[in-house]
$ cat work_3.tsv   # TSV, C-alpha atoms
chain	number	residue	atom	x	y	z
A	30	MET	CA	22.32	10.38	1.68
A	31	GLU	CA	20.26	13.34	0.59
A	32	LYS	CA	21.73	16.80	0.93
A	33	ASP	CA	19.65	19.50	2.62
A	34	LEU	CA	17.07	17.05	3.93
A	35	LYS	CA	15.69	18.50	7.15
A	36	VAL	CA	13.88	15.97	9.33
A	37	LYS	CA	12.59	16.47	12.88
A	38	GLY	CA	14.69	14.55	15.40
A	39	VAL	CA	17.61	14.27	12.98
A	40	ASN	CA	20.73	16.41	13.35
A	41	VAL	CA	22.79	16.42	10.18
A	42	PRO	CA	26.51	16.84	11.00
A	43	LYS	CA	28.64	19.47	9.28
A	44	THR	CA	31.87	17.49	8.80
A	45	LYS	CA	32.56	15.01	6.01
A	46	LEU	CA	33.43	12.32	8.56
A	47	GLY	CA	30.20	12.98	10.48
A	48	LEU	CA	28.15	12.73	7.27
A	49	ALA	CA	29.83	9.45	6.38
A	50	LYS	CA	29.06	8.02	9.84
A	51	MET	CA	25.46	9.17	9.69
A	52	ASN	CA	25.07	7.74	6.20
A	53	LYS	CA	26.43	4.38	7.31
A	54	LEU	CA	23.90	4.29	10.16
A	55	ILE	CA	21.04	5.13	7.78
A	56	GLU	CA	22.01	2.48	5.23
A	57	THR	CA	22.47	-0.15	7.91
A	58	ALA	CA	19.14	0.72	9.54
A	59	GLU	CA	17.28	0.45	6.23
A	60	LYS	CA	18.82	-2.96	5.56
A	61	LEU	CA	17.98	-4.26	9.04
A	62	PHE	CA	14.44	-2.79	9.07
A	63	THR	CA	13.73	-4.53	5.76
A	64	GLU	CA	15.21	-7.85	6.82
A	65	LYS	CA	13.85	-8.09	10.35
A	66	GLY	CA	11.13	-5.46	10.66
A	67	PHE	CA	11.35	-2.15	12.51
A	68	PHE	CA	10.23	-3.45	15.88
A	69	ASP	CA	12.69	-6.30	15.99
A	70	VAL	CA	15.74	-4.09	15.42
A	71	SER	CA	17.26	-2.13	18.29
A	72	ILE	CA	19.48	0.93	18.17
A	73	SER	CA	22.19	-1.31	19.56
A	74	ASP	CA	21.70	-3.75	16.62
A	75	ILE	CA	22.04	-0.90	14.12
A	76	CYS	CA	25.19	0.44	15.79
A	77	LYS	CA	26.77	-3.00	16.03
A	78	ALA	CA	26.16	-3.75	12.34
A	79	ALA	CA	27.42	-0.28	11.36
A	80	HIS	CA	30.50	-0.60	13.64
A	81	THR	CA	29.49	2.61	15.40
A	82	ALA	CA	29.24	3.46	19.10
A	83	VAL	CA	25.71	3.85	20.47
A	84	GLY	CA	26.67	7.32	21.73
A	85	THR	CA	27.40	8.36	18.13
A	86	PHE	CA	23.90	7.29	17.06
A	87	TYR	CA	22.40	9.79	19.48
A	88	ILE	CA	24.49	12.64	18.03
A	89	TYR	CA	22.51	12.29	14.79
A	90	PHE	CA	19.17	10.78	15.78
A	91	GLU	CA	16.96	11.32	18.79
A	92	SER	CA	15.30	7.90	18.42
A	93	LYS	CA	14.94	4.83	16.21
A	94	THR	CA	11.68	6.26	14.83
A	95	ASP	CA	13.61	9.33	13.67
A	96	VAL	CA	15.86	7.15	11.50
A	97	TYR	CA	12.71	5.66	10.00
A	98	ARG	CA	11.26	9.13	9.47
A	99	TYR	CA	14.50	10.08	7.70
A	100	LEU	CA	14.14	7.07	5.36
A	101	VAL	CA	10.55	8.02	4.49
A	102	GLU	CA	11.60	11.62	3.78
A	103	LYS	CA	14.54	10.38	1.73
A	104	TYR	CA	12.24	8.34	-0.53
A	105	LYS	CA	9.73	11.17	-0.73
A	106	LYS	CA	12.44	13.55	-1.91
A	107	ARG	CA	13.89	11.04	-4.38
A	108	ILE	CA	10.50	10.19	-5.89
A	109	LYS	CA	9.54	13.85	-6.19
A	110	GLY	CA	12.94	14.52	-7.82
A	111	ILE	CA	12.52	11.67	-10.30
A	112	LEU	CA	8.99	12.76	-11.19
A	113	ALA	CA	10.03	16.39	-11.60
A	114	SER	CA	12.98	15.48	-13.78
A	115	SER	CA	10.91	13.08	-15.94
A	116	ILE	CA	8.31	15.72	-16.81
A	117	LYS	CA	10.54	18.77	-17.18
A	118	ASP	CA	10.33	18.84	-20.99
A	119	CYS	CA	6.64	17.92	-21.19
A	120	LYS	CA	4.28	20.54	-22.51
A	121	THR	CA	0.88	19.06	-21.63
A	122	ARG	CA	-0.68	17.39	-18.60
A	123	TYR	CA	-1.17	14.30	-20.76
A	124	GLU	CA	2.57	14.10	-21.48
A	125	LYS	CA	3.38	14.78	-17.83
A	126	GLU	CA	1.17	11.94	-16.62
A	127	LYS	CA	2.64	9.57	-19.19
A	128	GLU	CA	6.26	10.31	-18.34
A	129	GLY	CA	5.59	10.54	-14.58
A	130	VAL	CA	3.89	7.13	-14.41
A	131	LYS	CA	6.62	5.52	-16.50
A	132	SER	CA	9.42	6.94	-14.39
A	133	PHE	CA	7.82	5.99	-11.06
A	134	ILE	CA	7.20	2.39	-12.14
A	135	LYS	CA	10.76	2.05	-13.46
A	136	TYR	CA	12.10	3.48	-10.19
A	137	ALA	CA	9.93	1.05	-8.19
A	138	VAL	CA	11.27	-1.99	-10.08
A	139	LYS	CA	14.85	-0.90	-9.35
A	140	ASN	CA	14.04	0.07	-5.72
A	141	PRO	CA	11.29	-2.28	-4.51
A	142	ASN	CA	12.31	-1.42	-0.97
A	143	VAL	CA	10.43	1.84	-1.35
A	144	TYR	CA	7.20	-0.07	-0.61
A	145	ASN	CA	8.70	-1.70	2.48
A	146	ILE	CA	9.67	1.68	3.87
A	147	ILE	CA	6.62	3.73	2.87
A	148	TRP	CA	3.89	1.14	3.49
A	149	GLY	CA	5.83	-0.18	6.48
A	150	SER	CA	5.54	3.26	8.06
A	151	LEU	CA	1.88	2.43	8.75
A	152	ALA	CA	3.07	0.02	11.44
A	153	VAL	CA	5.88	2.26	12.73
A	154	ASP	CA	3.93	5.50	13.04
A	155	LYS	CA	0.46	5.92	11.51
A	156	GLN	CA	0.86	9.70	11.39
A	157	LEU	CA	4.09	9.39	9.41
A	158	PHE	CA	2.28	7.21	6.85
A	159	GLU	CA	-0.67	9.61	6.63
A	160	ASP	CA	1.57	12.71	6.39
A	161	TYR	CA	3.49	11.11	3.53
A	162	TYR	CA	0.43	10.54	1.37
A	163	VAL	CA	-1.40	13.71	2.37
A	164	SER	CA	1.67	15.77	1.43
A	165	PHE	CA	2.17	13.88	-1.82
A	166	ALA	CA	-1.51	14.19	-2.77
A	167	LYS	CA	-1.48	17.91	-2.01
A	168	THR	CA	1.51	18.57	-4.28
A	169	TYR	CA	0.00	16.40	-7.00
A	170	ALA	CA	-3.45	18.01	-6.79
A	171	HIS	CA	-1.84	21.44	-6.87
A	172	ALA	CA	0.12	20.54	-9.99
A	173	ILE	CA	-3.00	19.26	-11.75
A	174	CYS	CA	-5.28	22.15	-10.83
A	175	GLY	CA	-2.60	24.76	-11.49
A	176	GLU	CA	-2.74	23.99	-15.18
A	177	ASN	CA	-5.77	25.97	-16.08
A	178	ARG	CA	-8.28	23.13	-16.14
A	179	ALA	CA	-6.05	20.79	-18.09
A	180	VAL	CA	-8.28	17.91	-17.02
A	181	SER	CA	-12.04	17.49	-17.04
A	182	VAL	CA	-12.37	16.79	-13.30
A	183	GLU	CA	-13.08	19.22	-10.46
A	184	ASP	CA	-12.09	17.23	-7.36
A	185	TYR	CA	-8.32	17.44	-7.77
A	186	SER	CA	-7.60	15.84	-4.43
A	187	SER	CA	-9.56	12.65	-5.18
A	188	LEU	CA	-8.04	12.63	-8.64
A	189	ALA	CA	-4.55	12.84	-7.14
A	190	TYR	CA	-5.27	9.77	-4.96
A	191	MET	CA	-6.63	7.90	-7.99
A	192	LEU	CA	-3.47	8.64	-9.98
A	193	MET	CA	-1.18	7.77	-7.05
A	194	GLY	CA	-3.10	4.51	-6.67
A	195	ILE	CA	-2.74	3.62	-10.34
A	196	THR	CA	0.99	4.31	-10.28
A	197	ASN	CA	1.68	2.53	-7.01
A	198	PHE	CA	-0.25	-0.60	-7.96
A	199	LEU	CA	1.26	-0.82	-11.44
A	200	GLY	CA	4.61	-0.48	-9.68
A	201	LEU	CA	3.71	-3.56	-7.63
A	202	LYS	CA	2.70	-5.51	-10.73
A	203	ALA	CA	5.95	-4.52	-12.45
A	204	ILE	CA	7.95	-5.73	-9.43
A	205	PHE	CA	6.01	-9.02	-9.20
A	206	GLU	CA	6.44	-9.68	-12.93
A	207	LYS	CA	9.96	-8.23	-13.19
A	208	LEU	CA	8.95	-6.02	-16.12
A	209	SER	CA	11.66	-4.42	-18.24
A	210	ASP	CA	11.70	-0.70	-19.02
A	211	LYS	CA	10.39	-1.51	-22.50
A	212	GLN	CA	7.50	-3.55	-21.06
A	213	ILE	CA	6.70	-0.72	-18.66
A	214	ASP	CA	6.58	1.75	-21.54
A	215	GLU	CA	4.16	-0.57	-23.32
A	216	VAL	CA	1.81	-0.92	-20.33
A	217	VAL	CA	1.74	2.86	-19.89
A	218	GLU	CA	1.28	3.66	-23.59
A	219	ASN	CA	-1.16	0.87	-24.45
A	220	THR	CA	-3.26	0.69	-21.27
A	221	VAL	CA	-2.70	3.46	-18.74
A	222	MET	CA	-2.81	6.41	-21.13
A	223	PRO	CA	-5.78	5.19	-23.18
A	224	VAL	CA	-7.76	4.68	-19.94
A	225	LEU	CA	-6.65	8.05	-18.51
A	226	SER	CA	-7.29	9.69	-21.81
A	227	LYS	CA	-10.60	8.32	-23.00
A	228	GLY	CA	-11.86	6.18	-20.14
A	229	LEU	CA	-12.89	2.57	-19.96
A	230	PHE	CA	-16.33	2.67	-21.41
A	231	SER	CA	-15.98	4.97	-24.39
B	17	MET	CA	-14.10	-16.06	12.33
B	18	GLU	CA	-14.78	-17.17	8.79
B	19	LYS	CA	-16.41	-20.52	8.21
B	20	ASP	CA	-14.81	-22.84	5.68
B	21	LEU	CA	-11.61	-20.84	5.41
B	22	LYS	CA	-8.83	-23.27	4.60
B	23	VAL	CA	-5.34	-21.90	5.24
B	24	LYS	CA	-2.04	-23.80	5.11
B	25	GLY	CA	-0.60	-24.30	8.60
B	26	VAL	CA	-3.98	-23.70	10.25
B	27	ASN	CA	-6.08	-26.54	11.65
B	28	VAL	CA	-9.66	-25.49	12.21
B	29	PRO	CA	-11.17	-27.42	15.13
B	30	LYS	CA	-14.49	-29.24	14.87
B	31	THR	CA	-16.02	-28.45	18.26
B	32	LYS	CA	-17.76	-25.23	19.24
B	33	LEU	CA	-15.39	-24.78	22.19
B	34	GLY	CA	-12.37	-25.31	19.96
B	35	LEU	CA	-13.66	-22.76	17.45
B	36	ALA	CA	-14.23	-20.23	20.24
B	37	LYS	CA	-10.67	-20.71	21.50
B	38	MET	CA	-9.19	-20.42	18.04
B	39	ASN	CA	-11.24	-17.31	17.37
B	40	LYS	CA	-10.05	-15.70	20.60
B	41	LEU	CA	-6.43	-16.37	19.59
B	42	ILE	CA	-6.99	-14.84	16.13
B	43	GLU	CA	-8.67	-11.71	17.49
B	44	THR	CA	-5.99	-11.24	20.13
B	45	ALA	CA	-3.19	-11.76	17.60
B	46	GLU	CA	-4.69	-9.18	15.21
B	47	LYS	CA	-4.96	-6.63	18.03
B	48	LEU	CA	-1.37	-7.23	19.20
B	49	PHE	CA	0.10	-7.27	15.67
B	50	THR	CA	-1.54	-3.91	14.98
B	51	GLU	CA	-0.46	-2.37	18.27
B	52	LYS	CA	3.11	-3.65	18.47
B	53	GLY	CA	3.99	-5.00	15.04
B	54	PHE	CA	4.26	-8.64	14.03
B	55	PHE	CA	7.92	-9.09	14.94
B	56	ASP	CA	7.55	-7.70	18.43
B	57	VAL	CA	4.74	-10.07	19.42
B	58	SER	CA	5.54	-13.63	20.49
B	59	ILE	CA	3.25	-16.66	20.54
B	60	SER	CA	3.58	-16.49	24.31
B	61	ASP	CA	2.33	-12.84	24.28
B	62	ILE	CA	-0.70	-13.85	22.20
B	63	CYS	CA	-1.53	-16.78	24.49
B	64	LYS	CA	-1.09	-14.71	27.63
B	65	ALA	CA	-3.40	-11.95	26.36
B	66	ALA	CA	-5.95	-14.52	25.17
B	67	HIS	CA	-5.75	-16.48	28.48
B	68	THR	CA	-4.85	-19.62	26.56
B	69	ALA	CA	-2.10	-22.19	27.09
B	70	VAL	CA	0.75	-22.12	24.58
B	71	GLY	CA	0.11	-25.82	23.87
B	72	THR	CA	-3.41	-24.93	22.73
B	73	PHE	CA	-2.01	-22.41	20.23
B	74	TYR	CA	-0.12	-25.21	18.50
B	75	ILE	CA	-3.27	-27.31	18.14
B	76	TYR	CA	-4.61	-24.68	15.73
B	77	PHE	CA	-1.55	-22.98	14.24
B	78	GLU	CA	1.83	-24.34	13.20
B	79	SER	CA	3.53	-20.94	13.62
B	80	LYS	CA	2.98	-17.24	14.27
B	81	THR	CA	3.21	-16.56	10.52
B	82	ASP	CA	0.30	-18.97	10.02
B	83	VAL	CA	-1.93	-16.78	12.22
B	84	TYR	CA	-0.92	-13.83	10.08
B	85	ARG	CA	-1.65	-15.80	6.92
B	86	TYR	CA	-5.06	-16.61	8.36
B	87	LEU	CA	-5.74	-12.87	8.93
B	88	VAL	CA	-4.77	-12.02	5.34
B	89	GLU	CA	-7.03	-14.79	4.01
B	90	LYS	CA	-9.82	-13.63	6.30
B	91	TYR	CA	-9.70	-10.10	4.85
B	92	LYS	CA	-9.38	-11.42	1.31
B	93	LYS	CA	-12.52	-13.51	1.78
B	94	ARG	CA	-14.43	-10.66	3.44
B	95	ILE	CA	-13.50	-8.12	0.76
B	96	LYS	CA	-14.37	-10.53	-2.04
B	97	GLY	CA	-17.68	-11.22	-0.28
B	98	ILE	CA	-18.49	-7.54	0.13
B	99	LEU	CA	-17.62	-6.80	-3.50
B	100	ALA	CA	-19.65	-9.75	-4.78
B	101	SER	CA	-22.65	-8.77	-2.71
B	102	SER	CA	-22.44	-5.10	-3.72
B	103	ILE	CA	-22.56	-5.89	-7.45
B	104	LYS	CA	-25.02	-8.75	-7.45
B	105	ASP	CA	-27.88	-6.69	-8.91
B	106	CYS	CA	-25.74	-4.71	-11.35
B	107	LYS	CA	-26.34	-5.29	-15.03
B	108	THR	CA	-23.34	-3.55	-16.60
B	109	ARG	CA	-19.59	-3.38	-15.93
B	110	TYR	CA	-20.03	0.35	-15.35
B	111	GLU	CA	-22.56	-0.29	-12.56
B	112	LYS	CA	-20.37	-3.04	-11.11
B	113	GLU	CA	-17.33	-0.77	-10.91
B	114	LYS	CA	-19.39	1.99	-9.33
B	115	GLU	CA	-20.91	-0.19	-6.63
B	116	GLY	CA	-17.71	-2.17	-6.05
B	117	VAL	CA	-15.57	0.94	-5.49
B	118	LYS	CA	-18.16	2.46	-3.17
B	119	SER	CA	-18.49	-0.66	-1.07
B	120	PHE	CA	-14.73	-1.20	-0.73
B	121	ILE	CA	-14.10	2.38	0.39
B	122	LYS	CA	-16.96	2.23	2.90
B	123	TYR	CA	-15.59	-1.06	4.24
B	124	ALA	CA	-12.08	0.44	4.51
B	125	VAL	CA	-13.32	3.40	6.57
B	126	LYS	CA	-15.04	1.02	9.00
B	127	ASN	CA	-12.09	-1.42	9.03
B	128	PRO	CA	-8.91	0.64	8.55
B	129	ASN	CA	-6.97	-2.26	10.02
B	130	VAL	CA	-7.29	-4.02	6.70
B	131	TYR	CA	-4.35	-1.89	5.45
B	132	ASN	CA	-2.25	-2.76	8.49
B	133	ILE	CA	-2.77	-6.45	7.87
B	134	ILE	CA	-2.53	-6.56	4.07
B	135	TRP	CA	0.25	-4.01	3.54
B	136	GLY	CA	1.93	-5.19	6.74
B	137	SER	CA	2.22	-8.65	5.16
B	138	LEU	CA	5.01	-7.21	2.99
B	139	ALA	CA	7.23	-7.15	6.09
B	140	VAL	CA	5.98	-10.48	7.49
B	141	ASP	CA	6.27	-12.56	4.33
B	142	LYS	CA	6.81	-10.97	0.89
B	143	GLN	CA	5.33	-13.99	-0.85
B	144	LEU	CA	2.13	-13.70	1.18
B	145	PHE	CA	1.80	-10.05	0.11
B	146	GLU	CA	2.48	-10.87	-3.54
B	147	ASP	CA	0.10	-13.86	-3.56
B	148	TYR	CA	-2.66	-11.68	-2.12
B	149	TYR	CA	-2.51	-9.11	-4.90
B	150	VAL	CA	-1.74	-11.55	-7.71
B	151	SER	CA	-4.77	-13.63	-6.74
B	152	PHE	CA	-6.98	-10.56	-6.38
B	153	ALA	CA	-5.84	-9.12	-9.73
B	154	LYS	CA	-6.43	-12.45	-11.45
B	155	THR	CA	-10.01	-12.69	-10.21
B	156	TYR	CA	-10.62	-9.04	-11.10
B	157	ALA	CA	-9.10	-9.32	-14.59
B	158	HIS	CA	-11.11	-12.49	-15.20
B	159	ALA	CA	-14.33	-10.72	-14.19
B	160	ILE	CA	-13.61	-7.79	-16.51
B	161	CYS	CA	-12.57	-9.82	-19.54
B	162	GLY	CA	-15.34	-12.35	-19.08
B	163	GLU	CA	-17.90	-9.73	-19.95
B	164	ASN	CA	-17.56	-9.85	-23.66
B	165	ARG	CA	-15.38	-6.78	-24.14
B	166	ALA	CA	-17.37	-4.60	-21.79
B	167	VAL	CA	-14.41	-2.24	-21.60
B	168	SER	CA	-12.25	-0.71	-24.31
B	169	VAL	CA	-8.94	-2.07	-22.98
B	170	GLU	CA	-7.13	-5.29	-23.93
B	171	ASP	CA	-4.61	-5.68	-21.07
B	172	TYR	CA	-7.03	-6.82	-18.40
B	173	SER	CA	-4.32	-7.60	-15.88
B	174	SER	CA	-2.83	-4.07	-15.93
B	175	LEU	CA	-6.35	-2.68	-15.86
B	176	ALA	CA	-7.12	-4.76	-12.76
B	177	TYR	CA	-4.09	-3.29	-10.96
B	178	MET	CA	-5.12	0.22	-12.00
B	179	LEU	CA	-8.61	-0.29	-10.59
B	180	MET	CA	-7.30	-1.90	-7.40
B	181	GLY	CA	-4.93	1.04	-7.00
B	182	ILE	CA	-7.70	3.59	-7.43
B	183	THR	CA	-9.89	1.84	-4.88
B	184	ASN	CA	-7.15	1.26	-2.34
B	185	PHE	CA	-5.86	4.83	-2.47
B	186	LEU	CA	-9.31	6.39	-2.29
B	187	GLY	CA	-9.87	4.12	0.71
B	188	LEU	CA	-6.81	5.72	2.33
B	189	LYS	CA	-8.08	9.21	1.58
B	190	ALA	CA	-11.49	8.34	3.02
B	191	ILE	CA	-9.83	7.03	6.21
B	192	PHE	CA	-7.57	10.10	6.55
B	193	GLU	CA	-10.50	12.49	6.03
B	194	LYS	CA	-13.07	10.38	7.90
B	195	LEU	CA	-15.49	10.54	4.96
B	196	SER	CA	-19.11	9.58	5.53
B	197	ASP	CA	-20.91	7.07	3.32
B	198	LYS	CA	-22.66	10.00	1.61
B	199	GLN	CA	-19.33	11.74	0.91
B	200	ILE	CA	-17.89	8.48	-0.45
B	201	ASP	CA	-20.89	8.14	-2.79
B	202	GLU	CA	-20.22	11.68	-4.02
B	203	VAL	CA	-16.51	11.09	-4.69
B	204	VAL	CA	-17.31	7.92	-6.63
B	205	GLU	CA	-20.19	9.42	-8.62
B	206	ASN	CA	-18.66	12.85	-9.30
B	207	THR	CA	-15.00	11.94	-9.82
B	208	VAL	CA	-14.20	8.23	-10.06
B	209	MET	CA	-16.93	7.25	-12.49
B	210	PRO	CA	-16.55	10.25	-14.82
B	211	VAL	CA	-12.79	9.51	-15.04
B	212	LEU	CA	-13.31	5.77	-15.52
B	213	SER	CA	-16.07	6.45	-17.97
B	214	LYS	CA	-14.76	9.22	-20.19
B	215	GLY	CA	-11.17	9.75	-19.08
B	216	LEU	CA	-9.34	12.80	-17.89
B	217	PHE	CA	-8.63	14.59	-21.09
B	218	SER	CA	-11.87	14.28	-23.01

$ encode --input "work_3.tsv" --output "C-alpha cells"
Amino acid sequence: MEKDLKVKGVNVPKTKLGLAKMNKLIETAEKLFTEKGFFDVSISDICKAAHTAVGTFYIYFESKTDVYRYLVEKYKKRIKGILASSIKDCKTRYEKEKEGVKSFIKYAVKNPNVYNIIWGSLAVDKQLFEDYYVSFAKTYAHAICGENRAVSVEDYSSLAYMLMGITNFLGLKAIFEKLSDKQIDEVVENTVMPVLSKGLFS
Amino acid sequence: MEKDLKVKGVNVPKTKLGLAKMNKLIETAEKLFTEKGFFDVSISDICKAAHTAVGTFYIYFESKTDVYRYLVEKYKKRIKGILASSIKDCKTRYEKEKEGVKSFIKYAVKNPNVYNIIWGSLAVDKQLFEDYYVSFAKTYAHAICGENRAVSVEDYSSLAYMLMGITNFLGLKAIFEKLSDKQIDEVVENTVMPVLSKGLFS
C-alpha cells in the first residue's frame, strides 16, 4: 500500500490494523479483477476472499470503482516514483530519456499487471483512463519543456504522447518476449536512443 | 461485417439471411461489451438484444470469446486495410510513415471503440491480445526491413513497436482532445515526422 495516497471515495484508516485490513482488500481486489474482470467481481466476492466483513469494506471504500481508482493511482504513483528515481543523477534530457525508458520497461516486465489495471480502466471508467494519461502527459510535457529547449520540438504535449507510446509498447514487447534487464538495456541503447537521437531517416 | 474473415470458432453462413443474422449478433455484442464489459454480458443478453434465438447464436459462434475474437480480427483487418490504402501511392518509407500515422489517428478518432476492443482483449484472453500485437509488429517490421535499408535502424521488430506505440498514443490524444483531421495533419507534419526524421536532439 502507498502511504499518503489520497483518492476520492477512499478513506485511509489511521490505525495499523485498519491499514492492514484495507491493504488486504486492495490486494485481493487487484487479484480478482485481473483473474475475472472488474464487472464479474462483486464487493461481496472481494470481502469473502479477503476474509473481511462487507461492512468493513464500506469503511474504506465508497464503491467498487473506488477500489479500482485506488489501484490506478497506486500504479501512477509507483511509475512516477520509479521514473523520478531512475533519472535523478542524469544531467541531460538525453540521459533522462534513456534511463527513464529502461526503468519503465524493466518495471513492466516485473509487473505486467500494470497494463491490465491501466488499460482495463478504459472499460471500468473512461474518464479514469483519460485522466490517467492526460495527467501523465502533462507532467512529462512539463518536464521536457522546462529544460530550456533541450529538444528540437515545439509541441511538447504531442511529444509526450509519442514518448509514452514508445515506452508502453516496448514494455509490451519485453513482456511478450520475456526480455532480461540486459536485453532491455540493449534495445534502448541500440534502437530507442539512436532513433530518438538522430531519427530514422538520417 | 467483413467478407472472407476466417476466425477460429466462427462459422460464417453462406446465405444472405444467415449473414444478416450473424452481423446483427456481432454488432449487438460489440455494443454490449463496450457498455457493460465482456464478463458482464451473457450469450443470452446478446441474443435478447439482437432478437435472436440462443440456438441461432451457436450456429455461428462456438462461444462468447469467439465473438470477441471475431471483433479483434475485424479491427485488425480494417486497420491493415486503411493503412495499406493510405500508403498505396507513397514512394518512400518516409511518405509511408507519414500517411500511415495520419490515417490511423483519423480512424481512431472516428472509431474510438477500437481501443475498447483491442486493449480490452487483455482482460478477455491475454493470448488474443498478444497475438494481435505480435502479428501486427511482424507485418510492420517486415514492411520496414523489406525496403532495402530505408531506415537507419537494424532492430526492425523493436522499431515496429516504437512506431505502433507512437501511433496508438497519438490516437488517444486525438480522441481525448477531439482533434480534427486538419489538426491531426498538423501534429503529424510538425511534430511526428520531424522527430522520426531527424530525432529529438539534433

$ residues_around --input "work_3.tsv" --residues "range 66-74 of chain A" --least-positions-apart "3" --cutoff "6 Å" --atoms "all atoms listed in the file" --output "MDAnalysis selection string"
(chainID A and resid 62:63 77) or (chainID B and resid 55:56)

$ write_last_selection --input "work_3.tsv" --atoms "C-alpha atoms" --output "compact mmCIF listing (two decimals), in the frame of the given file"
# COMPACT_ATOMS: atom_id res chain seq x y z
CA PHE A 62 14.44 -2.79 9.07
CA THR A 63 13.73 -4.53 5.76
CA LYS A 77 26.77 -3.00 16.03
CA PHE B 55 7.92 -9.09 14.94
CA ASP B 56 7.55 -7.70 18.43

$ residues_near_point --input "work_3.tsv" --point "(-6.9, -9.5, 19.8)" --cutoff "12 Å" --atoms "all atoms listed in the file" --output "JSON, numbers by chain"
{"B": [37, 38, 39, 40, 41, 42, 43, 44, 45, 46, 47, 48, 49, 50, 51, 52, 57, 61, 62, 63, 64, 65, 66, 67, 83, 87]}

$ residues_around --input "work_3.tsv" --residues "Thr220 in chain A" --least-positions-apart "6" --cutoff "10 Å" --atoms "only C-alpha atoms" --output "PyMOL selection string"
(chain A and resi 214+226+229) or (chain B and resi 168-175+178)

$ closest_residue --input "work_3.tsv" --among "A:Thr85, A:Asp95, A:Ala137, A:Tyr169" --to "Lys202 in chain A" --atoms "all atoms listed in the file"
A:Ala137

$ residues_around --input "work_3.tsv" --residues "Ser92 in chain A" --least-positions-apart "2" --cutoff "12 Å" --atoms "all atoms listed in the file" --output "VMD selection string"
chain A and resid 37 to 40 71 to 73 75 83 to 84 86 to 90 94 to 99

$ atom_distance --input "work_3.tsv" --atom1 "CA of Phe120 in chain B" --atom2 "CA of Lys135 in chain A"
28.7 Å

$ closest_residue --input "work_3.tsv" --among "B:Pro29, B:Gly162, B:Pro210, B:Gly116" --to "Leu179 in chain B" --atoms "all atoms listed in the file"
B:Gly116

$ residues_around --input "work_3.tsv" --residues "range 105-120 of chain A" --least-positions-apart "4" --cutoff "9 Å" --atoms "all atoms listed in the file" --output "PyMOL selection string"
chain A and resi 31+34+100-101+124-133+136+147+161+165

$ atom_distance --input "work_3.tsv" --atom1 "CA of Met180 in chain B" --atom2 "CA of Lys22 in chain B"
24.6 Å

$ residues_near_point --input "work_3.tsv" --point "(3.6, -4.4, 4.2)" --cutoff "8 Å" --atoms "all atoms listed in the file" --output "MDAnalysis selection string"
(chainID A and resid 144:145 148:149) or (chainID B and resid 132:140 145)

$ atom_distance --input "work_3.tsv" --atom1 "CA of Lys227 in chain A" --atom2 "CA of Val208 in chain B"
13.4 Å

$ closest_residue --input "work_3.tsv" --among "B:Val167, B:Met209, B:Ala36, B:Ile200" --to "chain A" --atoms "all atoms listed in the file"
B:Val167

$ closest_residue --input "work_3.tsv" --among "A:Gly228, A:Pro141, A:Ile204, A:Ser209" --to "chain B" --atoms "all atoms listed in the file"
A:Gly228

$ decode --input "work_3.tsv" --residues "range 48-80 of chain B" --atoms "C-alpha atoms" --output "compact mmCIF listing (two decimals), in the first residue's frame"
# COMPACT_ATOMS: atom_id res chain seq x y z
CA LEU B 48 -22.96 -4.59 -25.10
CA PHE B 49 -19.29 -5.46 -24.48
CA THR B 50 -18.42 -1.77 -24.66
CA GLU B 51 -21.28 -0.67 -22.43
CA LYS B 52 -21.11 -3.37 -19.76
CA GLY B 53 -17.80 -5.15 -20.20
CA PHE B 54 -17.24 -8.59 -21.67
CA PHE B 55 -17.65 -10.53 -18.43
CA ASP B 56 -20.94 -8.94 -17.52
CA VAL B 57 -22.64 -9.79 -20.82
CA SER B 58 -24.03 -13.28 -21.40
CA ILE B 59 -24.82 -15.01 -24.69
CA SER B 60 -28.44 -14.80 -23.62
CA ASP B 61 -28.12 -10.98 -23.21
CA ILE B 62 -26.66 -10.68 -26.71
CA CYS B 63 -29.40 -12.83 -28.24
CA LYS B 64 -32.15 -10.99 -26.39
CA ALA B 65 -30.89 -7.57 -27.53
CA ALA B 66 -30.43 -8.85 -31.10
CA HIS B 67 -33.90 -10.51 -31.12
CA THR B 68 -32.29 -13.83 -31.99
CA ALA B 69 -32.74 -17.30 -30.52
CA VAL B 70 -29.85 -18.62 -28.43
CA GLY B 71 -29.73 -21.71 -30.68
CA THR B 72 -29.01 -19.43 -33.65
CA PHE B 73 -26.03 -17.92 -31.83
CA TYR B 74 -24.42 -21.34 -31.64
CA ILE B 75 -24.81 -21.88 -35.38
CA TYR B 76 -22.30 -19.06 -35.93
CA PHE B 77 -20.17 -18.94 -32.78
CA GLU B 78 -18.83 -21.69 -30.55
CA SER B 79 -18.54 -19.35 -27.54
CA LYS B 80 -18.78 -15.75 -26.35
